[in-house]
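Here's entry.csv, which has CSV, C-alpha atoms and all ligand atoms:
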```csv
chain,number,residue,atom,x,y,z
A,1,MET,CA,183.7,113.4,83.1
A,2,ASN,CA,185.9,110.5,83.9
A,3,ILE,CA,186.4,110.1,87.7
A,4,LEU,CA,189.1,107.9,89.2
A,5,SER,CA,188.3,107.0,92.8
A,6,ILE,CA,190.4,105.5,95.6
A,7,GLU,CA,189.3,103.9,98.8
A,8,SER,CA,191.9,102.7,101.3
A,9,SER,CA,190.5,103.5,104.8
A,10,CYS,CA,190.7,100.0,106.3
A,11,ASP,CA,191.4,96.5,105.0
A,12,GLU,CA,190.1,96.8,101.4
A,13,THR,CA,191.9,98.5,98.5
A,14,GLY,CA,189.2,99.8,96.2
A,15,ILE,CA,189.7,101.6,92.8
A,16,ALA,CA,186.8,102.6,90.5
A,17,LEU,CA,186.3,104.6,87.3
A,18,LEU,CA,183.0,106.4,86.8
A,19,LYS,CA,181.7,108.2,83.8
A,20,ASP,CA,179.7,110.9,85.6
A,21,THR,CA,177.4,108.8,87.8
A,22,SER,CA,177.9,105.5,85.9
A,23,VAL,CA,180.4,103.0,87.2
A,24,VAL,CA,182.6,101.9,84.3
A,25,SER,CA,184.9,99.6,86.4
A,26,SER,CA,185.2,98.9,90.1
A,27,GLU,CA,187.9,96.7,91.5
A,28,LEU,CA,188.6,95.6,95.1
A,29,ILE,CA,191.3,93.6,96.8
A,30,THR,CA,190.4,92.5,100.3
A,31,GLN,CA,193.0,91.9,102.9
A,32,ILE,CA,190.8,89.9,105.2
A,33,ASN,CA,192.8,86.7,104.8
A,34,LYS,CA,196.0,88.4,105.8
A,35,HIS,CA,194.5,89.9,109.0
A,36,LYS,CA,192.4,86.9,109.9
A,37,LYS,CA,195.1,85.2,111.9
A,38,PHE,CA,195.5,88.2,114.1
A,39,GLY,CA,191.7,88.3,114.9
A,40,GLY,CA,191.3,91.8,113.5
A,41,VAL,CA,192.9,94.5,111.3
A,42,VAL,CA,196.6,95.2,111.9
A,43,PRO,CA,197.1,98.8,110.8
A,44,GLU,CA,200.7,98.6,109.7
A,45,LEU,CA,200.0,95.5,107.7
A,46,ALA,CA,197.0,97.2,106.1
A,47,SER,CA,199.1,100.1,104.9
A,48,ARG,CA,201.8,97.8,103.4
A,49,LEU,CA,199.1,95.7,101.6
A,50,HIS,CA,197.5,98.9,100.2
A,51,THR,CA,200.8,99.9,98.8
A,52,GLU,CA,201.2,96.5,97.1
A,53,SER,CA,197.7,96.6,95.5
A,54,ILE,CA,197.0,100.2,94.6
A,55,HIS,CA,199.0,100.7,91.4
A,56,PHE,CA,198.0,97.3,90.0
A,57,LEU,CA,194.3,98.1,90.6
A,58,ILE,CA,194.4,101.5,89.1
A,59,GLU,CA,196.0,100.1,85.9
A,60,LYS,CA,193.4,97.2,85.9
A,61,CYS,CA,190.5,99.6,86.1
A,62,LEU,CA,191.9,101.9,83.4
A,63,LYS,CA,192.4,98.9,81.1
A,64,LYS,CA,188.9,97.6,81.8
A,65,ALA,CA,187.4,101.0,81.0
A,66,GLU,CA,189.7,101.3,78.0
A,67,LEU,CA,191.0,104.6,79.2
A,68,CYS,CA,194.4,106.0,79.9
A,69,PHE,CA,195.7,108.2,82.7
A,70,GLN,CA,195.3,111.4,80.5
A,71,ASP,CA,191.5,110.7,80.2
A,72,ILE,CA,191.0,111.2,84.0
A,73,ASN,CA,189.2,114.5,84.7
A,74,LEU,CA,188.7,114.2,88.4
A,75,ILE,CA,190.1,112.1,91.3
A,76,GLY,CA,188.1,111.2,94.4
A,77,VAL,CA,189.8,109.8,97.4
A,78,THR,CA,188.7,108.8,100.9
A,79,LYS,CA,190.1,111.4,103.3
A,80,GLY,CA,188.8,109.8,106.5
A,81,PRO,CA,187.7,108.5,108.9
A,82,GLY,CA,189.9,105.4,108.9
A,83,LEU,CA,193.3,104.1,109.7
A,84,GLU,CA,195.8,106.9,109.2
A,85,GLY,CA,198.5,105.0,107.5
A,86,ALA,CA,196.0,103.2,105.2
A,87,LEU,CA,194.4,106.5,104.3
A,88,LEU,CA,197.7,108.0,103.6
A,89,ILE,CA,198.5,105.4,100.9
A,90,GLY,CA,195.3,106.3,99.0
A,91,GLN,CA,195.9,110.1,99.5
A,92,THR,CA,199.5,109.9,98.3
A,93,ALA,CA,198.5,108.1,95.1
A,94,ALA,CA,195.6,110.6,94.6
A,95,LYS,CA,197.8,113.7,95.2
A,96,SER,CA,200.6,112.4,93.0
A,97,LEU,CA,198.2,111.6,90.1
A,98,SER,CA,196.5,114.9,90.5
A,99,THR,CA,199.8,116.8,90.3
A,100,LEU,CA,201.1,114.8,87.3
A,101,LEU,CA,197.8,114.9,85.4
A,102,ASP,CA,197.0,118.4,86.5
A,103,CYS,CA,193.5,117.4,87.4
A,104,PRO,CA,191.4,118.2,90.5
A,105,VAL,CA,191.2,115.9,93.5
A,106,ILE,CA,188.5,115.8,96.1
A,107,GLY,CA,188.9,114.3,99.5
A,108,VAL,CA,185.7,112.4,100.4
A,109,ASN,CA,184.4,111.6,103.8
A,110,HIS,CA,184.1,107.8,104.0
A,111,LEU,CA,180.6,108.1,105.5
A,112,HIS,CA,179.4,110.3,102.7
A,113,GLY,CA,180.6,107.5,100.5
A,114,HIS,CA,178.4,105.0,102.3
A,115,LEU,CA,175.5,107.3,101.9
A,116,TYR,CA,176.1,107.8,98.2
A,117,ALA,CA,176.3,104.0,97.8
A,118,ALA,CA,172.5,104.0,98.0
A,119,PHE,CA,172.5,105.8,94.5
A,120,LEU,CA,174.7,103.2,92.9
A,121,ASP,CA,171.9,100.6,92.9
A,122,ASN,CA,169.0,103.1,93.0
A,123,PRO,CA,169.9,106.0,90.7
A,124,SER,CA,166.3,107.2,90.9
A,125,LEU,CA,166.4,107.5,94.7
A,126,THR,CA,165.3,111.0,95.7
A,127,PHE,CA,165.9,113.3,98.7
A,128,PRO,CA,164.9,113.6,101.4
A,129,PHE,CA,165.6,110.3,103.1
A,130,MET,CA,166.6,109.0,106.5
A,131,CYS,CA,170.0,107.3,106.3
A,132,LEU,CA,171.2,104.7,108.8
A,133,ILE,CA,174.9,104.0,108.4
A,134,VAL,CA,175.9,100.8,110.1
A,135,SER,CA,179.6,99.9,109.6
A,136,GLY,CA,182.5,98.5,111.5
A,137,GLY,CA,183.4,101.9,112.9
A,138,HIS,CA,180.2,103.9,112.9
A,139,THR,CA,176.5,103.7,113.6
A,140,GLN,CA,174.9,107.0,112.6
A,141,LEU,CA,171.4,108.3,111.8
A,142,VAL,CA,171.5,111.0,109.3
A,143,VAL,CA,168.8,113.1,107.7
A,144,ALA,CA,169.8,113.5,104.0
A,145,ARG,CA,167.9,116.6,102.7
A,146,ASN,CA,169.7,117.1,99.5
A,147,HIS,CA,173.2,116.6,98.1
A,148,TYR,CA,175.6,117.4,100.9
A,149,GLN,CA,172.9,118.6,103.1
A,150,PHE,CA,173.3,116.0,105.7
A,151,GLU,CA,172.3,116.3,109.4
A,152,LEU,CA,173.7,113.9,111.9
A,153,ILE,CA,170.9,113.3,114.4
A,154,GLY,CA,172.3,110.4,116.4
A,155,GLN,CA,175.2,108.0,116.7
A,156,THR,CA,176.6,105.4,118.9
A,157,ARG,CA,178.1,106.4,122.2
A,158,ASP,CA,180.5,103.4,122.2
A,159,ASP,CA,180.8,100.4,120.0
A,160,ALA,CA,179.5,100.5,116.4
A,161,ALA,CA,177.0,97.8,115.4
A,162,GLY,CA,179.6,96.1,113.2
A,163,GLU,CA,182.2,96.3,115.9
A,164,ALA,CA,179.8,94.5,118.3
A,165,PHE,CA,179.4,91.7,115.6
A,166,ASP,CA,183.2,91.4,115.3
A,167,LYS,CA,183.8,91.4,119.1
A,168,ILE,CA,181.2,88.7,120.0
A,169,ALA,CA,182.4,86.6,117.0
A,170,ARG,CA,186.0,87.0,118.3
A,171,TYR,CA,184.9,86.0,121.8
A,172,MET,CA,183.4,82.8,120.5
A,173,GLU,CA,186.5,82.2,118.3
A,174,LEU,CA,184.4,82.2,115.1
A,175,GLY,CA,186.8,84.3,113.0
A,176,TYR,CA,187.0,87.7,111.4
A,177,PRO,CA,185.1,89.7,110.3
A,178,GLY,CA,182.4,88.6,112.6
A,179,GLY,CA,179.3,90.0,110.7
A,180,PRO,CA,179.0,87.5,107.9
A,181,ILE,CA,179.9,84.5,110.2
A,182,VAL,CA,177.3,85.5,112.8
A,183,GLU,CA,174.7,86.0,110.1
A,184,LYS,CA,175.3,82.5,108.8
A,185,LEU,CA,175.2,80.8,112.2
A,186,ALA,CA,172.1,82.7,113.2
A,187,LEU,CA,170.2,81.0,110.4
A,188,ASP,CA,170.2,77.9,112.5
A,189,GLY,CA,169.4,79.6,115.8
A,190,ASP,CA,166.4,80.8,117.7
A,191,PRO,CA,166.3,84.6,117.9
A,192,LEU,CA,164.0,84.4,120.9
A,193,SER,CA,166.2,81.9,122.9
A,194,HIS,CA,167.8,84.7,124.8
A,195,SER,CA,166.3,88.0,125.7
A,196,PHE,CA,169.4,90.3,125.3
A,197,PRO,CA,169.1,94.0,126.2
A,198,GLN,CA,168.0,96.5,123.6
A,199,PRO,CA,170.0,99.6,124.8
A,200,MET,CA,169.1,103.3,124.7
A,201,LEU,CA,165.6,102.7,123.4
A,202,HIS,CA,164.3,105.8,125.1
A,203,GLN,CA,167.3,108.0,124.4
A,204,GLY,CA,166.4,109.7,121.2
A,205,TYR,CA,168.5,108.7,118.2
A,206,GLU,CA,171.6,107.7,120.2
A,207,PHE,CA,172.9,104.1,120.1
A,208,SER,CA,175.0,102.0,122.4
A,209,PHE,CA,176.1,98.4,121.8
A,210,SER,CA,178.7,98.0,124.4
A,211,GLY,CA,176.3,96.9,127.1
A,212,LEU,CA,174.6,94.4,124.8
A,213,LYS,CA,178.0,93.0,123.9
A,214,THR,CA,178.9,92.6,127.6
A,215,ALA,CA,175.5,90.8,128.2
A,216,VAL,CA,176.2,88.4,125.3
A,217,ILE,CA,179.7,87.7,126.6
A,218,GLN,CA,178.5,87.0,130.1
A,219,THR,CA,175.9,84.6,128.7
A,220,ILE,CA,178.6,82.9,126.6
A,221,ASP,CA,180.8,82.5,129.8
A,222,ARG,CA,177.9,81.1,131.8
A,223,GLU,CA,176.9,78.6,129.1
A,224,ARG,CA,180.5,77.6,128.5
A,225,LYS,CA,180.8,76.8,132.2
A,226,ASN,CA,177.6,74.8,132.2
A,227,ASN,CA,178.5,73.1,128.9
A,228,THR,CA,175.3,74.4,127.4
A,229,LEU,CA,176.7,76.9,124.9
A,230,ASN,CA,174.6,77.0,121.7
A,231,VAL,CA,176.5,79.3,119.4
A,232,GLU,CA,173.7,79.5,116.8
A,233,ASN,CA,171.1,80.6,119.4
A,234,ILE,CA,173.5,83.3,120.8
A,235,CYS,CA,174.1,84.6,117.3
A,236,ALA,CA,170.4,84.7,116.4
A,237,SER,CA,169.4,86.4,119.7
A,238,PHE,CA,172.2,88.9,119.5
A,239,GLN,CA,171.2,89.8,115.9
A,240,HIS,CA,167.6,90.1,117.0
A,241,ALA,CA,168.5,92.6,119.7
A,242,VAL,CA,170.7,94.7,117.3
A,243,PHE,CA,168.0,94.6,114.6
A,244,SER,CA,165.2,95.6,117.0
A,245,VAL,CA,167.2,98.6,118.2
A,246,LEU,CA,168.1,99.7,114.7
A,247,SER,CA,164.5,99.3,113.5
A,248,LYS,CA,162.9,101.2,116.4
A,249,LYS,CA,165.4,104.1,116.1
A,250,ILE,CA,164.9,104.5,112.3
A,251,LYS,CA,161.1,104.2,112.7
A,252,LYS,CA,161.2,106.9,115.4
A,253,ALA,CA,163.4,109.2,113.2
A,254,CYS,CA,161.3,108.7,110.1
A,255,ASN,CA,158.1,109.5,112.1
A,256,ASP,CA,159.6,112.5,113.9
A,257,PHE,CA,161.0,114.1,110.7
A,258,GLY,CA,158.0,113.1,108.5
A,259,ILE,CA,160.3,111.2,106.1
A,260,SER,CA,159.1,108.0,104.4
A,261,ASN,CA,162.2,106.9,102.5
A,262,CYS,CA,165.0,105.2,104.4
A,263,VAL,CA,168.4,104.1,103.3
A,264,ILE,CA,170.4,101.5,105.3
A,265,THR,CA,174.0,101.3,104.3
A,266,GLY,CA,177.5,100.3,105.5
A,267,GLY,CA,178.9,96.8,106.1
A,268,VAL,CA,176.2,95.6,108.5
A,269,ALA,CA,173.5,96.4,105.9
A,270,ALA,CA,175.0,93.6,103.8
A,271,ASN,CA,173.2,91.3,106.4
A,272,GLN,CA,170.2,89.8,104.5
A,273,ALA,CA,168.4,89.0,107.8
A,274,LEU,CA,168.6,92.7,108.7
A,275,ASN,CA,167.3,93.6,105.3
A,276,HIS,CA,164.3,91.3,105.8
A,277,PHE,CA,163.7,92.4,109.3
A,278,LEU,CA,163.6,96.1,108.4
A,279,ASN,CA,161.4,95.5,105.4
A,280,LYS,CA,159.0,93.5,107.6
A,281,GLU,CA,158.9,96.2,110.3
A,282,LEU,CA,158.9,99.4,108.1
A,283,THR,CA,157.0,98.6,104.9
A,284,PRO,CA,153.6,98.0,106.5
A,285,LEU,CA,154.0,101.4,108.1
A,286,GLY,CA,154.4,103.1,104.7
A,287,TYR,CA,158.1,103.5,104.8
A,288,ASN,CA,160.3,102.5,101.9
A,289,CYS,CA,163.6,100.8,102.6
A,290,PHE,CA,166.5,101.1,100.2
A,291,VAL,CA,169.5,98.9,100.9
A,292,PRO,CA,172.5,98.8,98.5
A,293,SER,CA,173.6,95.5,97.0
A,294,LYS,CA,176.0,93.5,99.2
A,295,ILE,CA,179.1,94.7,97.5
A,296,ASN,CA,178.0,98.3,97.6
A,297,CYS,CA,177.2,98.1,101.4
A,298,THR,CA,180.7,97.1,102.3
A,299,ASP,CA,183.7,99.3,101.5
A,300,ASN,CA,184.3,100.0,97.8
A,301,ALA,CA,185.6,102.8,95.6
A,302,ALA,CA,182.5,103.4,93.4
A,303,MET,CA,180.7,105.0,96.3
A,304,ILE,CA,183.7,107.4,96.8
A,305,GLY,CA,183.7,108.3,93.1
A,306,LEU,CA,180.0,109.1,93.2
A,307,ALA,CA,180.3,111.2,96.3
A,308,ALA,CA,183.2,113.1,94.7
A,309,TYR,CA,181.1,113.6,91.5
A,310,HIS,CA,178.3,115.2,93.4
A,311,ARG,CA,180.6,117.3,95.6
A,312,PHE,CA,182.2,118.6,92.4
A,313,LYS,CA,178.9,119.3,90.6
A,314,LEU,CA,177.6,121.3,93.6
A,315,ASP,CA,179.7,124.3,92.6
A,316,GLU,CA,178.2,125.7,89.5
A,317,ASN,CA,181.5,127.2,88.5
A,318,PRO,CA,184.0,125.0,90.3
A,319,VAL,CA,187.2,126.8,91.2
A,320,LEU,CA,189.6,124.0,90.2
A,321,SER,CA,192.3,125.3,92.5
A,322,ASN,CA,190.0,124.5,95.4
A,323,TYR,CA,190.4,120.9,94.5
A,324,SER,CA,194.2,120.8,94.0
A,325,ALA,CA,196.4,118.3,95.6
A,326,ALA,CA,197.8,121.0,97.9
A,327,ASN,CA,194.4,121.7,99.3
A,328,LEU,CA,193.4,118.2,100.1
A,329,GLY,CA,194.8,118.6,103.6
A,330,SER,CA,195.9,115.9,105.9
A,331,VAL,CA,194.1,112.8,107.1
A,332,ASN,CA,191.4,113.5,109.6
A,333,SER,CA,190.6,110.4,111.4
A,334,GLY,CA,188.0,112.1,113.7
A,335,LEU,CA,185.8,113.2,110.9
A,336,SER,CA,182.1,112.7,111.3
A,337,ILE,CA,179.4,113.1,108.7
B,401,LIG,O1,181.4,99.4,105.9
B,401,LIG,P1,182.4,98.4,106.2
B,401,LIG,O2,182.8,97.4,105.1
B,401,LIG,O3,183.7,99.0,106.7
B,401,LIG,C1,183.7,100.1,107.6
B,401,LIG,O4,183.5,101.2,107.2
B,401,LIG,O5,183.8,99.8,108.9
B,401,LIG,O6,181.9,97.5,107.4
B,401,LIG,C2,182.6,96.4,108.0
B,401,LIG,C3,181.7,95.9,109.1
B,401,LIG,C4,182.4,94.8,109.9
B,401,LIG,O7,182.2,95.1,111.3
B,401,LIG,C5,181.7,93.5,109.5
B,401,LIG,O8,181.7,92.6,110.5
B,401,LIG,C6,180.3,94.1,109.2
B,401,LIG,O9,180.5,95.3,108.6
B,401,LIG,N1,179.6,93.2,108.3
B,401,LIG,C7,178.4,92.6,108.6
B,401,LIG,C8,178.1,91.7,107.5
B,401,LIG,N2,179.0,91.9,106.6
B,401,LIG,C9,179.9,92.8,107.1
B,401,LIG,N3,177.7,92.6,109.8
B,401,LIG,C10,176.6,91.8,109.8
B,401,LIG,N4,176.2,91.0,108.8
B,401,LIG,C11,176.9,90.9,107.7
B,401,LIG,N5,176.6,90.1,106.7
B,402,ZN,ZN,183.0,101.6,105.4
```
Reformat the file's structure so that it appears as structure tokens.
Amino acid sequence: MNILSIESSCDETGIALLKDTSVVSSELITQINKHKKFGGVVPELASRLHTESIHFLIEKCLKKAELCFQDINLIGVTKGPGLEGALLIGQTAAKSLSTLLDCPVIGVNHLHGHLYAAFLDNPSLTFPFMCLIVSGGHTQLVVARNHYQFELIGQTRDDAAGEAFDKIARYMELGYPGGPIVEKLALDGDPLSHSFPQPMLHQGYEFSFSGLKTAVIQTIDRERKNNTLNVENICASFQHAVFSVLSKKIKKACNDFGISNCVITGGVAANQALNHFLNKELTPLGYNCFVPSKINCTDNAAMIGLAAYHRFKLDENPVLSNYSAANLGSVNSGLSI
């Protein structure tokens, strides 16, 4: 089965072609350089840029895969959560192609996509596993029991982990997106130079990063005033606090649910220091950590295609009309896993 998948939930236009579970081609155009000067993503600009890229990328992917439109058997498209206008560009392309080609289309929850990204690099990964999704918009702990048997057991009450990276980077005028910049600067800093709060440690599987962000900002203000600001130390200590919370929560969840395999996915999981930190903390306790490769941690269309494939396969006799363009529904930005 040839699956065309489309991801346009934020500032990256992604198109992929999969042959069942194998990625045949995957293309991405990032808009980061266009949003940078505004310090974050401008939704209207994002929509316009998706419109400019999407057709070009679909044709590029088909060409690379040596396929034509008529070879497409299934379309997977991100249906949310994300920026409404941006999602609409992907959905409109998906619905139009589905109607023209008379092929089914599946709306994929972006967070299901992040979870399925784990299988792109580790096809032999087996259920059950504990999944920590850490992205720009979400921080969620999910028990993944089987395909599409996902239980959300905890999430952030305020800022997502990636959002906290972006906000503190912005406060220090380091650029956008903050995650990779903070990671790089932290390499030259001392993670123990500041003892930042590790919030919600005793509140089950819930997270909160807003208080930590405020504590970091107050420290930046104080050090700026005293001319003692050491950006590298701030970055390293901030990261240390985030990593410690993530590690303690996932450890507790694995222990409580008796699960030994963990997946850490989403943009923040692209952070190599987080990867090392979690491996160091979890491996000696007998837990296995699976982190997708960098490009599969951040937004991409291959993960959406794989999620669509498994959704489709779940029905033994799929009623194709269930997956028609008309049934795709509207964008749901409030969607959770
Ligand atoms: O999953 P993603 O690409 O998009 C969303 O679904 O939100 O995640 C983007 C987020 C941004 O907040 C970005 O700063 C963060 O992931 N991020 C990182 C790193 N690379 C991206 N955070 C920490 N370290 C990184 N290396
Ligand atoms: Zn994402």
Using Å and a single decimal, report how far CA of Pro199 in chain A sits from CA of Ser244 in chain A.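 A separation of 10.0 Å between them.
Pocket residues of ligand ZN 402 (chain B), taken as those with any atom at most 8 Å away using only C-alpha atoms and all ligand atoms, are Ser9, Cys10, His110, Leu111, His114, Ser135, Gly136, Gly137, Gly266, Gly267, Cys297, Thr298, Asp299 and Asn300 of chain A.
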With C-alpha atoms retained, could you export that selection as a PDB file, in the frame of the given file?
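Output file part22.pdb is given in full below:
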```pdb
ATOM      1  CA  SER A   9     190.500 103.500 104.800  1.00  0.00           C
ATOM      2  CA  CYS A  10     190.700 100.000 106.300  1.00  0.00           C
ATOM      3  CA  HIS A 110     184.100 107.800 104.000  1.00  0.00           C
ATOM      4  CA  LEU A 111     180.600 108.100 105.500  1.00  0.00           C
ATOM      5  CA  HIS A 114     178.400 105.000 102.300  1.00  0.00           C
ATOM      6  CA  SER A 135     179.600  99.900 109.600  1.00  0.00           C
ATOM      7  CA  GLY A 136     182.500  98.500 111.500  1.00  0.00           C
ATOM      8  CA  GLY A 137     183.400 101.900 112.900  1.00  0.00           C
ATOM      9  CA  GLY A 266     177.500 100.300 105.500  1.00  0.00           C
ATOM     10  CA  GLY A 267     178.900  96.800 106.100  1.00  0.00           C
ATOM     11  CA  CYS A 297     177.200  98.100 101.400  1.00  0.00           C
ATOM     12  CA  THR A 298     180.700  97.100 102.300  1.00  0.00           C
ATOM     13  CA  ASP A 299     183.700  99.300 101.500  1.00  0.00           C
ATOM     14  CA  ASN A 300     184.300 100.000  97.800  1.00  0.00           C
TER      15      ASN A 300
END
```
Contacts of chain A with ligand LIG 401 (chain B) up to 9 Å, shortest pair per row, only C-alpha atoms and all ligand atoms, as JSON lines:
```
{"residue": "A:Ser9", "atom": "CA", "partner": "B:LIG401", "partner_atom": "O4", "distance": 7.7}
{"residue": "A:Cys10", "atom": "CA", "partner": "B:LIG401", "partner_atom": "O3", "distance": 7.1}
{"residue": "A:Asp11", "atom": "CA", "partner": "B:LIG401", "partner_atom": "O3", "distance": 8.3}
{"residue": "A:Glu12", "atom": "CA", "partner": "B:LIG401", "partner_atom": "O2", "distance": 8.2}
{"residue": "A:Pro81", "atom": "CA", "partner": "B:LIG401", "partner_atom": "O4", "distance": 8.6}
{"residue": "A:Gly82", "atom": "CA", "partner": "B:LIG401", "partner_atom": "O4", "distance": 7.8}
{"residue": "A:His110", "atom": "CA", "partner": "B:LIG401", "partner_atom": "O4", "distance": 7.4}
{"residue": "A:Leu111", "atom": "CA", "partner": "B:LIG401", "partner_atom": "O4", "distance": 7.7}
{"residue": "A:His114", "atom": "CA", "partner": "B:LIG401", "partner_atom": "O1", "distance": 7.3}
{"residue": "A:Ile133", "atom": "CA", "partner": "B:LIG401", "partner_atom": "O1", "distance": 8.3}
{"residue": "A:Val134", "atom": "CA", "partner": "B:LIG401", "partner_atom": "O1", "distance": 7.1}
{"residue": "A:Ser135", "atom": "CA", "partner": "B:LIG401", "partner_atom": "O6", "distance": 4.0}
{"residue": "A:Gly136", "atom": "CA", "partner": "B:LIG401", "partner_atom": "O5", "distance": 3.2}
{"residue": "A:Gly137", "atom": "CA", "partner": "B:LIG401", "partner_atom": "O5", "distance": 4.5}
{"residue": "A:His138", "atom": "CA", "partner": "B:LIG401", "partner_atom": "O5", "distance": 6.8}
{"residue": "A:Ala160", "atom": "CA", "partner": "B:LIG401", "partner_atom": "O7", "distance": 7.9}
{"residue": "A:Ala161", "atom": "CA", "partner": "B:LIG401", "partner_atom": "O7", "distance": 7.2}
{"residue": "A:Gly162", "atom": "CA", "partner": "B:LIG401", "partner_atom": "O7", "distance": 3.4}
{"residue": "A:Glu163", "atom": "CA", "partner": "B:LIG401", "partner_atom": "O7", "distance": 4.8}
{"residue": "A:Ala164", "atom": "CA", "partner": "B:LIG401", "partner_atom": "O7", "distance": 7.4}
{"residue": "A:Phe165", "atom": "CA", "partner": "B:LIG401", "partner_atom": "O8", "distance": 5.7}
{"residue": "A:Asp166", "atom": "CA", "partner": "B:LIG401", "partner_atom": "O8", "distance": 5.2}
{"residue": "A:Lys167", "atom": "CA", "partner": "B:LIG401", "partner_atom": "O7", "distance": 8.8}
{"residue": "A:Ala169", "atom": "CA", "partner": "B:LIG401", "partner_atom": "O8", "distance": 8.9}
{"residue": "A:Tyr176", "atom": "CA", "partner": "B:LIG401", "partner_atom": "O8", "distance": 7.3}
{"residue": "A:Pro177", "atom": "CA", "partner": "B:LIG401", "partner_atom": "O8", "distance": 4.5}
{"residue": "A:Gly178", "atom": "CA", "partner": "B:LIG401", "partner_atom": "O8", "distance": 4.6}
{"residue": "A:Gly179", "atom": "CA", "partner": "B:LIG401", "partner_atom": "N3", "distance": 3.2}
{"residue": "A:Pro180", "atom": "CA", "partner": "B:LIG401", "partner_atom": "N5", "distance": 3.7}
{"residue": "A:Ile181", "atom": "CA", "partner": "B:LIG401", "partner_atom": "N5", "distance": 7.4}
{"residue": "A:Val182", "atom": "CA", "partner": "B:LIG401", "partner_atom": "N4", "distance": 6.9}
{"residue": "A:Glu183", "atom": "CA", "partner": "B:LIG401", "partner_atom": "N4", "distance": 5.4}
{"residue": "A:Lys184", "atom": "CA", "partner": "B:LIG401", "partner_atom": "N5", "distance": 8.0}
{"residue": "A:Gln239", "atom": "CA", "partner": "B:LIG401", "partner_atom": "C10", "distance": 8.4}
{"residue": "A:Thr265", "atom": "CA", "partner": "B:LIG401", "partner_atom": "O1", "distance": 7.8}
{"residue": "A:Gly266", "atom": "CA", "partner": "B:LIG401", "partner_atom": "O1", "distance": 4.0}
{"residue": "A:Gly267", "atom": "CA", "partner": "B:LIG401", "partner_atom": "O9", "distance": 3.3}
{"residue": "A:Val268", "atom": "CA", "partner": "B:LIG401", "partner_atom": "N3", "distance": 3.6}
{"residue": "A:Ala269", "atom": "CA", "partner": "B:LIG401", "partner_atom": "N4", "distance": 6.7}
{"residue": "A:Ala270", "atom": "CA", "partner": "B:LIG401", "partner_atom": "N5", "distance": 4.8}
{"residue": "A:Asn271", "atom": "CA", "partner": "B:LIG401", "partner_atom": "N5", "distance": 3.6}
{"residue": "A:Gln272", "atom": "CA", "partner": "B:LIG401", "partner_atom": "N5", "distance": 6.8}
{"residue": "A:Ala273", "atom": "CA", "partner": "B:LIG401", "partner_atom": "N4", "distance": 8.1}
{"residue": "A:Leu274", "atom": "CA", "partner": "B:LIG401", "partner_atom": "N4", "distance": 7.8}
{"residue": "A:Lys294", "atom": "CA", "partner": "B:LIG401", "partner_atom": "N2", "distance": 8.1}
{"residue": "A:Ile295", "atom": "CA", "partner": "B:LIG401", "partner_atom": "O2", "distance": 8.9}
{"residue": "A:Asn296", "atom": "CA", "partner": "B:LIG401", "partner_atom": "O2", "distance": 8.9}
{"residue": "A:Cys297", "atom": "CA", "partner": "B:LIG401", "partner_atom": "O1", "distance": 6.3}
{"residue": "A:Thr298", "atom": "CA", "partner": "B:LIG401", "partner_atom": "O2", "distance": 3.5}
{"residue": "A:Asp299", "atom": "CA", "partner": "B:LIG401", "partner_atom": "O2", "distance": 4.2}
{"residue": "A:Asn300", "atom": "CA", "partner": "B:LIG401", "partner_atom": "O2", "distance": 7.9}
```
Polymer residues at most 6 Å from Gly76 in chain A, all atoms listed in the file, same-chain spacing of 5 or more positions, as a ChimeraX atom specification: /A:5,105-106,305,308
Point-to-point distance from CA of Arg145 in chain A to CA of Lys248 in chain A, Å rounded to tenths: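 Interatomic distance, CA of Arg145 in chain A to CA of Lys248 in chain A: 21.2 Å.
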Per residue of range 134-188 of chain A within 12 Å of range 221-227 of chain A, note the shortest atom pair and the distance in Å to one decimal, counting all atoms listed in the file, and order the rows by chain and increasing residue number, as a tab-separated table.
```
residue	atom	partner	partner_atom	distance
A:Ile168	CA	A:Asp221	CA	11.6
A:Tyr171	CA	A:Asp221	CA	9.6
A:Met172	CA	A:Asp221	CA	9.7
```
Go through A:Val231, A:Ile15, A:Val242, A:Leu115 and flag the residue nearest Val291 in chain A, using only C-alpha atoms for the distances.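 Nearest candidate to Val291 in chain A out of A:Val231, A:Ile15, A:Val242, A:Leu115: A:Leu115.
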Pick out the residues sitting within 6 Å of range 155-158 of chain A, and hand them over as an mmCIF file with C-alpha atoms, keeping the file's coordinate frame; count only C-alpha atoms, and ignore anything fewer than 4 positions along from it in its own chain.
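Final file, part26.cif:
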```cif
data_model
loop_
_atom_site.group_PDB
_atom_site.id
_atom_site.type_symbol
_atom_site.label_atom_id
_atom_site.label_comp_id
_atom_site.auth_asym_id
_atom_site.auth_seq_id
_atom_site.Cartn_x
_atom_site.Cartn_y
_atom_site.Cartn_z
ATOM 1 C CA THR A 139 176.500 103.700 113.600
ATOM 2 C CA GLN A 140 174.900 107.000 112.600
ATOM 3 C CA GLU A 206 171.600 107.700 120.200
ATOM 4 C CA PHE A 207 172.900 104.100 120.100
ATOM 5 C CA SER A 208 175.000 102.000 122.400
#
```
